[in-house]
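Structure file upload-v1.pdb; described as PDB, C-alpha atoms.
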```
ATOM      1  CA  MET Q 122      -6.829 -18.690  32.186
ATOM      2  CA  ALA Q 123      -9.462 -20.533  30.151
ATOM      3  CA  GLY Q 124      -9.689 -17.667  27.686
ATOM      4  CA  HIS Q 125      -5.973 -17.840  27.047
ATOM      5  CA  HIS Q 126      -6.121 -21.563  26.493
ATOM      6  CA  ASP Q 127      -8.838 -21.193  23.870
ATOM      7  CA  HIS Q 128      -6.759 -18.583  22.125
ATOM      8  CA  ASP Q 129      -3.698 -20.855  21.986
ATOM      9  CA  HIS Q 130      -5.811 -23.792  20.889
ATOM     10  CA  HIS Q 131      -7.149 -21.757  17.990
ATOM     11  CA  HIS Q 132      -3.585 -20.922  16.955
ATOM     12  CA  ALA Q 133      -2.283 -24.449  17.039
ATOM     13  CA  HIS Q 134      -5.086 -25.803  14.884
ATOM     14  CA  GLY Q 135      -5.564 -22.940  12.426
ATOM     15  CA  PRO Q 136      -4.941 -25.020   9.286
ATOM     16  CA  ALA Q 137      -6.787 -28.098  10.555
ATOM     17  CA  ASP Q 138     -10.223 -27.683   9.017
ATOM     18  CA  PHE Q 139      -9.445 -27.107   5.335
ATOM     19  CA  GLY Q 140      -9.073 -30.795   4.387
ATOM     20  CA  ARG Q 141     -12.544 -30.980   2.853
ATOM     21  CA  ALA Q 142     -12.032 -27.654   1.037
ATOM     22  CA  PHE Q 143      -8.819 -28.976  -0.524
ATOM     23  CA  ALA Q 144     -10.436 -32.294  -1.511
ATOM     24  CA  LEU Q 145     -13.460 -30.600  -3.080
ATOM     25  CA  GLY Q 146     -11.387 -27.877  -4.773
ATOM     26  CA  ALA Q 147      -8.917 -30.368  -6.274
ATOM     27  CA  THR Q 148     -11.695 -32.666  -7.559
ATOM     28  CA  LEU Q 149     -13.639 -29.791  -9.166
ATOM     29  CA  ASN Q 150     -10.523 -28.438 -10.838
ATOM     30  CA  ILE Q 151      -9.161 -31.764 -12.109
ATOM     31  CA  GLY Q 152     -12.506 -32.328 -13.864
ATOM     32  CA  PHE Q 153     -12.452 -28.838 -15.337
ATOM     33  CA  VAL Q 154      -8.818 -29.078 -16.533
ATOM     34  CA  ALA Q 155      -9.706 -32.247 -18.469
ATOM     35  CA  VAL Q 156     -12.686 -30.525 -20.161
ATOM     36  CA  GLU Q 157     -10.887 -27.239 -20.860
ATOM     37  CA  GLY Q 158      -7.687 -28.913 -22.077
ATOM     38  CA  ALA Q 159      -9.649 -31.095 -24.504
ATOM     39  CA  ALA Q 160     -11.623 -28.062 -25.738
ATOM     40  CA  GLY Q 161      -8.357 -26.126 -26.201
ATOM     41  CA  PHE Q 162      -6.824 -28.878 -28.336
ATOM     42  CA  LEU Q 163      -9.978 -29.405 -30.394
ATOM     43  CA  THR Q 164     -10.475 -25.683 -31.104
ATOM     44  CA  ASP Q 165      -6.742 -24.834 -31.300
ATOM     45  CA  SER Q 166      -7.302 -21.974 -28.809
ATOM     46  CA  VAL Q 167      -4.120 -21.007 -26.980
ATOM     47  CA  ALA Q 168      -6.218 -18.916 -24.571
ATOM     48  CA  LEU Q 169      -8.155 -22.029 -23.495
ATOM     49  CA  LEU Q 170      -4.930 -24.061 -23.319
ATOM     50  CA  ALA Q 171      -3.328 -21.248 -21.293
ATOM     51  CA  ASP Q 172      -6.259 -21.252 -18.903
ATOM     52  CA  ALA Q 173      -6.188 -25.068 -18.681
ATOM     53  CA  GLY Q 174      -2.437 -24.987 -18.035
ATOM     54  CA  HIS Q 175      -2.936 -22.402 -15.333
ATOM     55  CA  ASN Q 176      -5.736 -24.492 -13.830
ATOM     56  CA  LEU Q 177      -3.503 -27.567 -13.888
ATOM     57  CA  SER Q 178      -0.796 -25.664 -12.009
ATOM     58  CA  ASP Q 179      -3.541 -24.733  -9.557
ATOM     59  CA  VAL Q 180      -4.524 -28.361  -9.027
ATOM     60  CA  LEU Q 181      -0.867 -29.131  -8.281
ATOM     61  CA  GLY Q 182      -0.758 -26.030  -6.082
ATOM     62  CA  LEU Q 183      -3.865 -27.159  -4.195
ATOM     63  CA  LEU Q 184      -2.414 -30.648  -3.680
ATOM     64  CA  VAL Q 185       0.898 -29.181  -2.473
ATOM     65  CA  ALA Q 186      -0.897 -26.763  -0.121
ATOM     66  CA  TRP Q 187      -3.076 -29.619   1.170
ATOM     67  CA  ALA Q 188      -0.026 -31.820   1.793
ATOM     68  CA  GLY Q 189       1.647 -28.927   3.617
ATOM     69  CA  ALA Q 190      -1.406 -28.292   5.802
ATOM     70  CA  GLU Q 191      -1.771 -32.008   6.622
ATOM     71  CA  LEU Q 192       1.939 -32.473   7.409
ATOM     72  CA  ALA Q 193       1.840 -29.404   9.667
ATOM     73  CA  LYS Q 194      -0.728 -31.174  11.883
ATOM     74  CA  ARG Q 195       1.344 -34.317  12.412
ATOM     75  CA  PRO Q 196       2.881 -34.948  15.852
ATOM     76  CA  ALA Q 197       6.611 -34.294  16.197
ATOM     77  CA  PRO Q 198       8.885 -37.368  15.915
ATOM     78  CA  LYS Q 199      12.245 -37.429  17.759
ATOM     79  CA  ARG Q 200      14.268 -36.152  14.842
ATOM     80  CA  PHE Q 201      11.902 -33.384  13.696
ATOM     81  CA  THR Q 202      11.462 -31.750  17.079
ATOM     82  CA  TYR Q 203       9.175 -29.020  15.717
ATOM     83  CA  GLY Q 204       7.139 -31.577  13.800
ATOM     84  CA  PHE Q 205       6.492 -30.978  10.097
ATOM     85  CA  ARG Q 206       5.083 -27.472  10.507
ATOM     86  CA  GLY Q 207       7.690 -26.026   8.156
ATOM     87  CA  SER Q 208       6.273 -28.090   5.285
ATOM     88  CA  SER Q 209       3.452 -25.543   4.941
ATOM     89  CA  ILE Q 210       6.096 -22.870   4.158
ATOM     90  CA  LEU Q 211       7.705 -25.166   1.572
ATOM     91  CA  ALA Q 212       4.230 -25.759   0.116
ATOM     92  CA  ALA Q 213       3.605 -22.026  -0.307
ATOM     93  CA  LEU Q 214       7.056 -21.622  -1.916
ATOM     94  CA  THR Q 215       6.495 -24.571  -4.296
ATOM     95  CA  ASN Q 216       3.078 -23.163  -5.153
ATOM     96  CA  SER Q 217       4.559 -19.839  -6.247
ATOM     97  CA  VAL Q 218       7.299 -21.584  -8.293
ATOM     98  CA  LEU Q 219       4.651 -23.700 -10.077
ATOM     99  CA  LEU Q 220       2.792 -20.527 -11.004
ATOM    100  CA  LEU Q 221       5.913 -18.897 -12.441
ATOM    101  CA  VAL Q 222       6.736 -22.015 -14.498
ATOM    102  CA  ALA Q 223       3.171 -22.070 -15.886
ATOM    103  CA  VAL Q 224       3.505 -18.373 -16.769
ATOM    104  CA  GLY Q 225       6.697 -18.974 -18.750
ATOM    105  CA  ALA Q 226       5.202 -21.825 -20.790
ATOM    106  CA  ILE Q 227       1.961 -19.947 -21.580
ATOM    107  CA  GLY Q 228       3.785 -16.727 -22.509
ATOM    108  CA  TRP Q 229       6.198 -18.501 -24.870
ATOM    109  CA  GLU Q 230       3.369 -20.323 -26.677
ATOM    110  CA  ALA Q 231       1.308 -17.129 -27.029
ATOM    111  CA  ILE Q 232       4.221 -15.111 -28.479
ATOM    112  CA  GLN Q 233       4.863 -17.841 -31.082
ATOM    113  CA  ARG Q 234       1.160 -17.858 -32.043
ATOM    114  CA  PHE Q 235       1.175 -14.159 -33.023
ATOM    115  CA  ALA Q 236       3.054 -15.027 -36.244
ATOM    116  CA  ASP Q 237       0.223 -17.218 -37.539
ATOM    117  CA  PRO Q 238      -2.837 -17.229 -35.272
ATOM    118  CA  PRO Q 239      -5.365 -19.995 -36.110
ATOM    119  CA  ALA Q 240      -9.103 -19.396 -36.513
ATOM    120  CA  ILE Q 241     -10.886 -19.942 -33.182
ATOM    121  CA  PRO Q 242     -14.583 -20.774 -32.583
ATOM    122  CA  GLY Q 243     -15.435 -17.922 -30.197
ATOM    123  CA  LYS Q 244     -18.663 -19.469 -28.912
ATOM    124  CA  VAL Q 245     -16.985 -22.677 -27.654
ATOM    125  CA  VAL Q 246     -14.231 -20.633 -25.998
ATOM    126  CA  MET Q 247     -16.837 -18.498 -24.217
ATOM    127  CA  ILE Q 248     -18.889 -21.455 -22.929
ATOM    128  CA  VAL Q 249     -15.882 -23.403 -21.614
ATOM    129  CA  ALA Q 250     -14.350 -20.313 -19.954
ATOM    130  CA  ALA Q 251     -17.711 -19.409 -18.369
ATOM    131  CA  VAL Q 252     -17.767 -22.848 -16.697
ATOM    132  CA  GLY Q 253     -14.240 -22.003 -15.499
ATOM    133  CA  ILE Q 254     -15.465 -18.853 -13.767
ATOM    134  CA  VAL Q 255     -18.033 -20.883 -11.780
ATOM    135  CA  VAL Q 256     -15.527 -23.648 -10.846
ATOM    136  CA  ASN Q 257     -12.793 -21.219  -9.800
ATOM    137  CA  LEU Q 258     -15.035 -18.864  -7.842
ATOM    138  CA  SER Q 259     -16.631 -21.801  -6.002
ATOM    139  CA  THR Q 260     -13.176 -23.120  -5.078
ATOM    140  CA  ALA Q 261     -11.889 -19.682  -4.009
ATOM    141  CA  LEU Q 262     -14.873 -19.301  -1.656
ATOM    142  CA  LEU Q 263     -13.857 -22.540   0.114
ATOM    143  CA  PHE Q 264     -10.643 -20.817   1.261
ATOM    144  CA  VAL Q 265     -11.877 -17.268   1.826
ATOM    145  CA  ARG Q 266     -12.135 -17.795   5.593
ATOM    146  CA  GLY Q 267      -8.473 -18.739   6.147
ATOM    147  CA  ARG Q 268      -6.728 -16.363   3.758
ATOM    148  CA  LYS Q 269      -5.921 -13.682   6.357
ATOM    149  CA  HIS Q 270      -4.005 -15.834   8.847
ATOM    150  CA  ASP Q 271      -2.288 -18.511   6.744
ATOM    151  CA  ILE Q 272      -0.127 -17.783   3.692
ATOM    152  CA  ASN Q 273      -0.544 -21.412   2.548
ATOM    153  CA  ILE Q 274      -4.354 -21.062   2.492
ATOM    154  CA  ARG Q 275      -3.926 -17.599   0.954
ATOM    155  CA  GLY Q 276      -1.869 -19.171  -1.850
ATOM    156  CA  ALA Q 277      -4.740 -21.555  -2.612
ATOM    157  CA  TYR Q 278      -7.295 -18.730  -2.424
ATOM    158  CA  LEU Q 279      -5.233 -16.384  -4.637
ATOM    159  CA  HIS Q 280      -4.740 -19.077  -7.233
ATOM    160  CA  MET Q 281      -8.453 -19.690  -7.528
ATOM    161  CA  ALA Q 282      -9.545 -16.045  -7.426
ATOM    162  CA  THR Q 283      -6.977 -15.219 -10.138
ATOM    163  CA  ASP Q 284      -8.256 -18.127 -12.201
ATOM    164  CA  ALA Q 285     -11.803 -16.801 -12.055
ATOM    165  CA  ALA Q 286     -10.540 -13.441 -13.361
ATOM    166  CA  VAL Q 287      -8.504 -15.192 -16.056
ATOM    167  CA  SER Q 288     -11.541 -17.218 -17.194
ATOM    168  CA  ALA Q 289     -13.551 -13.981 -17.346
ATOM    169  CA  GLY Q 290     -10.825 -12.579 -19.622
ATOM    170  CA  VAL Q 291     -11.106 -15.621 -21.880
ATOM    171  CA  VAL Q 292     -14.908 -15.146 -22.082
ATOM    172  CA  ILE Q 293     -14.373 -11.514 -23.169
ATOM    173  CA  GLY Q 294     -11.771 -12.723 -25.695
ATOM    174  CA  GLY Q 295     -14.244 -15.248 -27.113
ATOM    175  CA  ALA Q 296     -16.860 -12.506 -27.478
ATOM    176  CA  LEU Q 297     -14.383 -10.206 -29.278
ATOM    177  CA  ILE Q 298     -13.390 -13.023 -31.647
ATOM    178  CA  LEU Q 299     -17.098 -13.587 -32.449
ATOM    179  CA  LEU Q 300     -17.665  -9.869 -33.067
ATOM    180  CA  THR Q 301     -14.529  -9.000 -35.032
ATOM    181  CA  GLY Q 302     -13.133 -12.292 -36.332
ATOM    182  CA  ALA Q 303      -9.621 -10.983 -35.459
ATOM    183  CA  ARG Q 304      -7.343 -13.993 -34.912
ATOM    184  CA  TRP Q 305      -4.678 -12.142 -32.902
ATOM    185  CA  ILE Q 306      -7.134 -11.669 -30.002
ATOM    186  CA  ASP Q 307      -6.608 -15.256 -28.753
ATOM    187  CA  PRO Q 308      -2.810 -15.035 -28.172
ATOM    188  CA  ALA Q 309      -3.225 -11.426 -26.931
ATOM    189  CA  ILE Q 310      -5.660 -12.601 -24.238
ATOM    190  CA  SER Q 311      -3.086 -15.284 -23.279
ATOM    191  CA  LEU Q 312      -0.431 -12.615 -22.677
ATOM    192  CA  ILE Q 313      -2.855 -10.607 -20.529
ATOM    193  CA  ILE Q 314      -3.479 -13.820 -18.524
ATOM    194  CA  VAL Q 315       0.301 -14.146 -18.049
ATOM    195  CA  ALA Q 316       0.546 -10.559 -16.763
ATOM    196  CA  VAL Q 317      -2.333 -11.118 -14.296
ATOM    197  CA  ILE Q 318      -0.787 -14.342 -12.953
ATOM    198  CA  LEU Q 319       2.620 -12.684 -12.553
ATOM    199  CA  TRP Q 320       1.144  -9.719 -10.720
ATOM    200  CA  SER Q 321      -0.904 -11.851  -8.329
ATOM    201  CA  SER Q 322       1.766 -14.458  -7.581
ATOM    202  CA  TRP Q 323       4.740 -12.141  -7.005
ATOM    203  CA  GLY Q 324       3.684 -11.258  -3.454
ATOM    204  CA  LEU Q 325       3.143 -14.924  -2.589
ATOM    205  CA  ALA Q 326       6.581 -15.836  -3.962
ATOM    206  CA  ARG Q 327       8.277 -13.031  -2.019
ATOM    207  CA  GLU Q 328       6.553 -13.791   1.279
ATOM    208  CA  SER Q 329       7.019 -17.560   1.098
ATOM    209  CA  LEU Q 330      10.721 -17.078   0.288
ATOM    210  CA  THR Q 331      11.262 -14.742   3.255
ATOM    211  CA  MET Q 332       9.461 -17.294   5.463
ATOM    212  CA  ALA Q 333      11.712 -20.081   4.161
ATOM    213  CA  LEU Q 334      14.704 -17.890   5.089
ATOM    214  CA  GLN Q 335      13.243 -17.563   8.614
ATOM    215  CA  ALA Q 336      12.643 -13.825   8.464
ATOM    216  CA  VAL Q 337      10.387 -12.258  11.119
ATOM    217  CA  PRO Q 338       6.850 -13.117   9.894
ATOM    218  CA  GLU Q 339       4.862 -10.313   8.258
ATOM    219  CA  GLY Q 340       2.479  -8.812  10.773
ATOM    220  CA  ILE Q 341       4.939  -9.111  13.682
ATOM    221  CA  ASP Q 342       6.845  -5.934  14.553
ATOM    222  CA  ALA Q 343      10.218  -7.076  15.952
ATOM    223  CA  ASP Q 344      10.913  -3.631  17.478
ATOM    224  CA  ALA Q 345       7.546  -3.649  19.262
ATOM    225  CA  VAL Q 346       8.280  -7.139  20.638
ATOM    226  CA  GLU Q 347      11.682  -5.950  21.885
ATOM    227  CA  ARG Q 348      10.096  -2.885  23.521
ATOM    228  CA  ALA Q 349       7.478  -5.085  25.205
ATOM    229  CA  LEU Q 350      10.194  -7.397  26.593
ATOM    230  CA  THR Q 351      12.424  -4.512  27.726
ATOM    231  CA  GLY Q 352       9.440  -2.871  29.444
ATOM    232  CA  LEU Q 353       8.725  -5.920  31.617
ATOM    233  CA  PRO Q 354       9.264  -5.337  35.371
ATOM    234  CA  GLY Q 355      12.792  -6.290  36.435
ATOM    235  CA  VAL Q 356      14.220  -6.552  32.909
ATOM    236  CA  ALA Q 357      17.390  -4.465  32.504
ATOM    237  CA  ARG Q 358      18.032  -5.424  28.868
ATOM    238  CA  VAL Q 359      17.203  -7.918  26.173
ATOM    239  CA  HIS Q 360      19.659  -9.621  23.817
ATOM    240  CA  ASP Q 361      19.779 -12.542  21.355
ATOM    241  CA  LEU Q 362      16.154 -11.961  20.363
ATOM    242  CA  HIS Q 363      15.065 -14.211  17.477
ATOM    243  CA  ILE Q 364      11.587 -14.422  15.927
ATOM    244  CA  TRP Q 365      10.902 -16.805  13.056
ATOM    245  CA  PRO Q 366       8.009 -18.674  11.389
ATOM    246  CA  MET Q 367       7.600 -22.328  12.355
ATOM    247  CA  SER Q 368       4.825 -22.762   9.826
ATOM    248  CA  THR Q 369       2.577 -20.524   7.746
ATOM    249  CA  THR Q 370       0.419 -19.887  10.826
ATOM    250  CA  GLU Q 371       2.773 -20.142  13.831
ATOM    251  CA  ALA Q 372       5.742 -18.117  15.016
ATOM    252  CA  ALA Q 373       8.452 -18.874  17.593
ATOM    253  CA  LEU Q 374      10.655 -16.630  19.720
ATOM    254  CA  THR Q 375      13.827 -17.047  21.763
ATOM    255  CA  ALA Q 376      15.325 -14.271  23.892
ATOM    256  CA  HIS Q 377      17.758 -13.654  26.738
ATOM    257  CA  LEU Q 378      16.417 -11.349  29.466
ATOM    258  CA  VAL Q 379      18.926  -9.777  31.817
ATOM    259  CA  MET Q 380      17.219  -9.478  35.260
ATOM    260  CA  PRO Q 381      19.726  -8.340  37.945
ATOM    261  CA  ASP Q 382      17.196  -8.712  40.809
ATOM    262  CA  GLY Q 383      16.944 -12.463  40.339
ATOM    263  CA  HIS Q 384      14.708 -14.997  38.634
ATOM    264  CA  PRO Q 385      11.112 -13.710  38.571
ATOM    265  CA  GLY Q 386       9.502 -17.159  38.952
ATOM    266  CA  ASP Q 387       7.214 -19.307  36.806
ATOM    267  CA  ALA Q 388       4.173 -16.980  37.021
ATOM    268  CA  PHE Q 389       6.194 -14.298  35.178
ATOM    269  CA  LEU Q 390       7.062 -16.754  32.387
ATOM    270  CA  ILE Q 391       3.482 -18.061  32.041
ATOM    271  CA  ASP Q 392       2.140 -14.505  31.906
ATOM    272  CA  LEU Q 393       4.781 -13.570  29.291
ATOM    273  CA  GLN Q 394       3.813 -16.569  27.175
ATOM    274  CA  HIS Q 395       0.135 -15.560  27.123
ATOM    275  CA  ARG Q 396       0.986 -11.930  26.463
ATOM    276  CA  LEU Q 397       3.173 -12.696  23.445
ATOM    277  CA  ALA Q 398       0.538 -15.080  22.054
ATOM    278  CA  HIS Q 399      -2.225 -12.524  22.526
ATOM    279  CA  ASP Q 400      -0.435  -9.318  21.465
ATOM    280  CA  PHE Q 401       1.870 -10.611  18.728
ATOM    281  CA  ARG Q 402       0.535 -14.056  17.711
ATOM    282  CA  ILE Q 403       3.814 -15.678  18.807
ATOM    283  CA  ASP Q 404       2.904 -19.169  19.968
ATOM    284  CA  HIS Q 405       6.152 -20.824  21.054
ATOM    285  CA  ILE Q 406       8.597 -18.945  23.267
ATOM    286  CA  THR Q 407      11.853 -19.875  24.979
ATOM    287  CA  VAL Q 408      13.271 -17.295  27.384
ATOM    288  CA  GLN Q 409      16.642 -17.454  29.128
ATOM    289  CA  ILE Q 410      16.874 -15.423  32.327
ATOM    290  CA  GLU Q 411      20.321 -13.996  33.167
ATOM    291  CA  LEU Q 412      21.216 -12.152  36.366
ATOM    292  CA  GLY Q 413      23.704  -9.660  34.964
ATOM    293  CA  GLU Q 414      27.371  -9.340  34.043
ATOM    294  CA  GLY Q 415      29.121 -12.687  33.701
ATOM    295  CA  ALA Q 416      25.847 -14.599  34.012
ATOM    296  CA  GLU Q 417      26.337 -16.066  30.540
ATOM    297  CA  CYS Q 418      29.631 -17.674  31.615
ATOM    298  CA  ARG Q 419      28.156 -19.022  34.873
ATOM    299  CA  MET Q 420      25.172 -20.481  33.066
ATOM    300  CA  HIS Q 421      27.457 -22.039  30.494
ATOM    301  CA  GLY Q 422      29.662 -23.540  33.220
ATOM    302  CA  ARG Q 423      26.635 -24.996  35.029
ATOM    303  CA  ALA Q 424      25.297 -26.538  31.852
ATOM    304  CA  HIS Q 425      28.548 -28.455  31.384
ATOM    305  CA  GLY Q 426      28.957 -29.204  35.046
TER     306      GLY Q 426
END
```
Would you give me this structure, written as structure tokens?
Amino acid sequence: MAGHHDHDHHHAHGPADFGRAFALGATLNIGFVAVEGAAGFLTDSVALLADAGHNLSDVLGLLVAWAGAELAKRPAPKRFTYGFRGSSILAALTNSVLLLVAVGAIGWEAIQRFADPPAIPGKVVMIVAAVGIVVNLSTALLFVRGRKHDINIRGAYLHMATDAAVSAGVVIGGALILLTGARWIDPAISLIIVAVILWSSWGLARESLTMALQAVPEGIDADAVERALTGLPGVARVHDLHIWPMSTTEAALTAHLVMPDGHPGDAFLIDLQHRLAHDFRIDHITVQIELGEGAECRMHGRAHG
């Protein structure tokens, strides 16, 4: 039994230990945005401004993800009976929207710049962007451990890893400007940045939206869950099966099990709870046992009686 308890405990507190990662990541990036933004204005480089804008959206994304993770740990008040776990889903969704807004602004500016691109000091662009690679990679590494099991943490990780790639692109752009003196390279690099951000954030946007709509979480096979429930001893059929995400790390399930031979007892329910947690990562289950035809009506009558 102890093993099962440890497993459940791990589930419930998955997002708990990233507070320091968020604090450190946000601080590093706020400092870098200030430096890169100033350098972008001073050198008139839209690629640096694009990168700074993207980094700023990341700082906001980090803060949103942090707020979501912290809210998810709060105890449940009377009105929010599931607690604030769902806020981590909203955080992931907000994060993806922020990215798309940043993409639109950067893309528009870059397209306008093609008409009359200004002269850019390539060396400054390269140095500032190289610092960006270090800052973003360091921040991404803070979240690498939690990216598999929590879409909110994955959003933070993806943001930072993408940023490192984007900064590398800006470094290459700076080098090309130094070598060729071609002014169009700066806005062209910005458009490549836009394409990279779009490509990396689309999956996050899609998954966070399906979570917000309470779809079965990715990684849980609803048919396999139904087969597992139907295959339990004494279960004739299963109906009203619902599986949905309570947060970015936890899933819940409700189901009606028709068991004509009678109620199987508490041991059956406890065993089922552990099995669903272990096999499918479903942490919170509510099961209604029914004895057969007409049981729904009898249960309903009793509840009102």
**Item:** Contacts of stretch 260-262 of chain Q within 10 Å, all atoms listed in the file, excl. fewer than 4 positions in-chain, as a VMD selection string
**Value:** chain Q and resid 142 to 143 145 to 150 254 to 256 266 268 275 277 to 285
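For the residues Q:Ala226, Q:Leu181, Q:Ile391, Q:Ala373, ranking by smallest atom-to-atom distance to Q:Ala336 using all atoms listed in the file places Q:Ala373 first.
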**Request:** Find the residues around Q:Gly294 up to 10 Å (only C-alpha atoms counted), leave out those fewer than 5 positions away in its own chain, and share them as a ChimeraX atom specification.
**Result:** /Q:168,243,246-247,250,288-289,299-300,306-311
**Request:** Counting all atoms listed in the file, figure out which residue out of Q:Ala188, Q:Arg304, Q:His405, Q:Lys194 gets nearest to Q:Arg234.
**Result:** Q:Arg304
**Request:** Starting from the displayed file, determine the output of the PyMOL selection byres ((chain Q and resi 205-221) around 7) and express the residue list as an NGL selection string.
**Result:** :Q and (178 or 182 or 185-186 or 189-190 or 192-193 or 195 or 197 or 201 or 203-204 or 222-225 or 272-273 or 276 or 322 or 325-326 or 329-330 or 332-333 or 367-369)
How would stretch 230-244 of chain Q look with N, CA, C and O atoms restored, written as a PDB file, in the coordinates of the input?
```
ATOM      1  N   GLU Q 230       4.303 -19.797 -25.671  1.00  0.00           N
ATOM      2  CA  GLU Q 230       3.369 -20.323 -26.677  1.00  0.00           C
ATOM      3  C   GLU Q 230       2.583 -19.179 -27.334  1.00  0.00           C
ATOM      4  O   GLU Q 230       2.412 -19.148 -28.553  1.00  0.00           O
ATOM      5  N   ALA Q 231       2.117 -18.246 -26.509  1.00  0.00           N
ATOM      6  CA  ALA Q 231       1.308 -17.129 -27.029  1.00  0.00           C
ATOM      7  C   ALA Q 231       2.112 -16.258 -27.996  1.00  0.00           C
ATOM      8  O   ALA Q 231       1.616 -15.864 -29.053  1.00  0.00           O
ATOM      9  N   ILE Q 232       3.371 -15.963 -27.631  1.00  0.00           N
ATOM     10  CA  ILE Q 232       4.221 -15.111 -28.479  1.00  0.00           C
ATOM     11  C   ILE Q 232       4.439 -15.782 -29.841  1.00  0.00           C
ATOM     12  O   ILE Q 232       4.377 -15.143 -30.889  1.00  0.00           O
ATOM     13  N   GLN Q 233       4.658 -17.107 -29.820  1.00  0.00           N
ATOM     14  CA  GLN Q 233       4.863 -17.841 -31.082  1.00  0.00           C
ATOM     15  C   GLN Q 233       3.603 -17.813 -31.963  1.00  0.00           C
ATOM     16  O   GLN Q 233       3.693 -17.780 -33.183  1.00  0.00           O
ATOM     17  N   ARG Q 234       2.431 -17.819 -31.301  1.00  0.00           N
ATOM     18  CA  ARG Q 234       1.160 -17.858 -32.043  1.00  0.00           C
ATOM     19  C   ARG Q 234       0.878 -16.557 -32.815  1.00  0.00           C
ATOM     20  O   ARG Q 234       0.121 -16.578 -33.776  1.00  0.00           O
ATOM     21  N   PHE Q 235       1.454 -15.446 -32.362  1.00  0.00           N
ATOM     22  CA  PHE Q 235       1.175 -14.159 -33.023  1.00  0.00           C
ATOM     23  C   PHE Q 235       1.537 -14.197 -34.518  1.00  0.00           C
ATOM     24  O   PHE Q 235       0.897 -13.549 -35.332  1.00  0.00           O
ATOM     25  N   ALA Q 236       2.594 -14.967 -34.849  1.00  0.00           N
ATOM     26  CA  ALA Q 236       3.054 -15.027 -36.244  1.00  0.00           C
ATOM     27  C   ALA Q 236       1.967 -15.580 -37.164  1.00  0.00           C
ATOM     28  O   ALA Q 236       1.749 -15.069 -38.267  1.00  0.00           O
ATOM     29  N   ASP Q 237       1.252 -16.602 -36.689  1.00  0.00           N
ATOM     30  CA  ASP Q 237       0.223 -17.218 -37.539  1.00  0.00           C
ATOM     31  C   ASP Q 237      -0.939 -17.712 -36.670  1.00  0.00           C
ATOM     32  O   ASP Q 237      -1.082 -18.916 -36.432  1.00  0.00           O
ATOM     33  N   PRO Q 238      -1.767 -16.800 -36.170  1.00  0.00           N
ATOM     34  CA  PRO Q 238      -2.837 -17.229 -35.272  1.00  0.00           C
ATOM     35  C   PRO Q 238      -3.911 -18.032 -36.010  1.00  0.00           C
ATOM     36  O   PRO Q 238      -4.349 -17.621 -37.090  1.00  0.00           O
ATOM     37  N   PRO Q 239      -4.326 -19.197 -35.454  1.00  0.00           N
ATOM     38  CA  PRO Q 239      -5.365 -19.995 -36.110  1.00  0.00           C
ATOM     39  C   PRO Q 239      -6.758 -19.394 -35.877  1.00  0.00           C
ATOM     40  O   PRO Q 239      -6.942 -18.568 -34.996  1.00  0.00           O
ATOM     41  N   ALA Q 240      -7.706 -19.830 -36.699  1.00  0.00           N
ATOM     42  CA  ALA Q 240      -9.103 -19.396 -36.513  1.00  0.00           C
ATOM     43  C   ALA Q 240      -9.688 -20.119 -35.302  1.00  0.00           C
ATOM     44  O   ALA Q 240      -9.496 -21.320 -35.124  1.00  0.00           O
ATOM     45  N   ILE Q 241     -10.373 -19.387 -34.439  1.00  0.00           N
ATOM     46  CA  ILE Q 241     -10.886 -19.942 -33.182  1.00  0.00           C
ATOM     47  C   ILE Q 241     -12.408 -19.809 -33.143  1.00  0.00           C
ATOM     48  O   ILE Q 241     -12.940 -18.730 -33.424  1.00  0.00           O
ATOM     49  N   PRO Q 242     -13.128 -20.913 -32.769  1.00  0.00           N
ATOM     50  CA  PRO Q 242     -14.583 -20.774 -32.583  1.00  0.00           C
ATOM     51  C   PRO Q 242     -14.895 -20.042 -31.271  1.00  0.00           C
ATOM     52  O   PRO Q 242     -14.798 -20.614 -30.187  1.00  0.00           O
ATOM     53  N   GLY Q 243     -15.232 -18.759 -31.381  1.00  0.00           N
ATOM     54  CA  GLY Q 243     -15.435 -17.922 -30.197  1.00  0.00           C
ATOM     55  C   GLY Q 243     -16.480 -18.435 -29.232  1.00  0.00           C
ATOM     56  O   GLY Q 243     -16.317 -18.334 -28.011  1.00  0.00           O
ATOM     57  N   LYS Q 244     -17.564 -19.027 -29.773  1.00  0.00           N
ATOM     58  CA  LYS Q 244     -18.663 -19.469 -28.912  1.00  0.00           C
ATOM     59  C   LYS Q 244     -18.224 -20.572 -27.950  1.00  0.00           C
ATOM     60  O   LYS Q 244     -18.509 -20.542 -26.750  1.00  0.00           O
TER      61      LYS Q 244
END
```
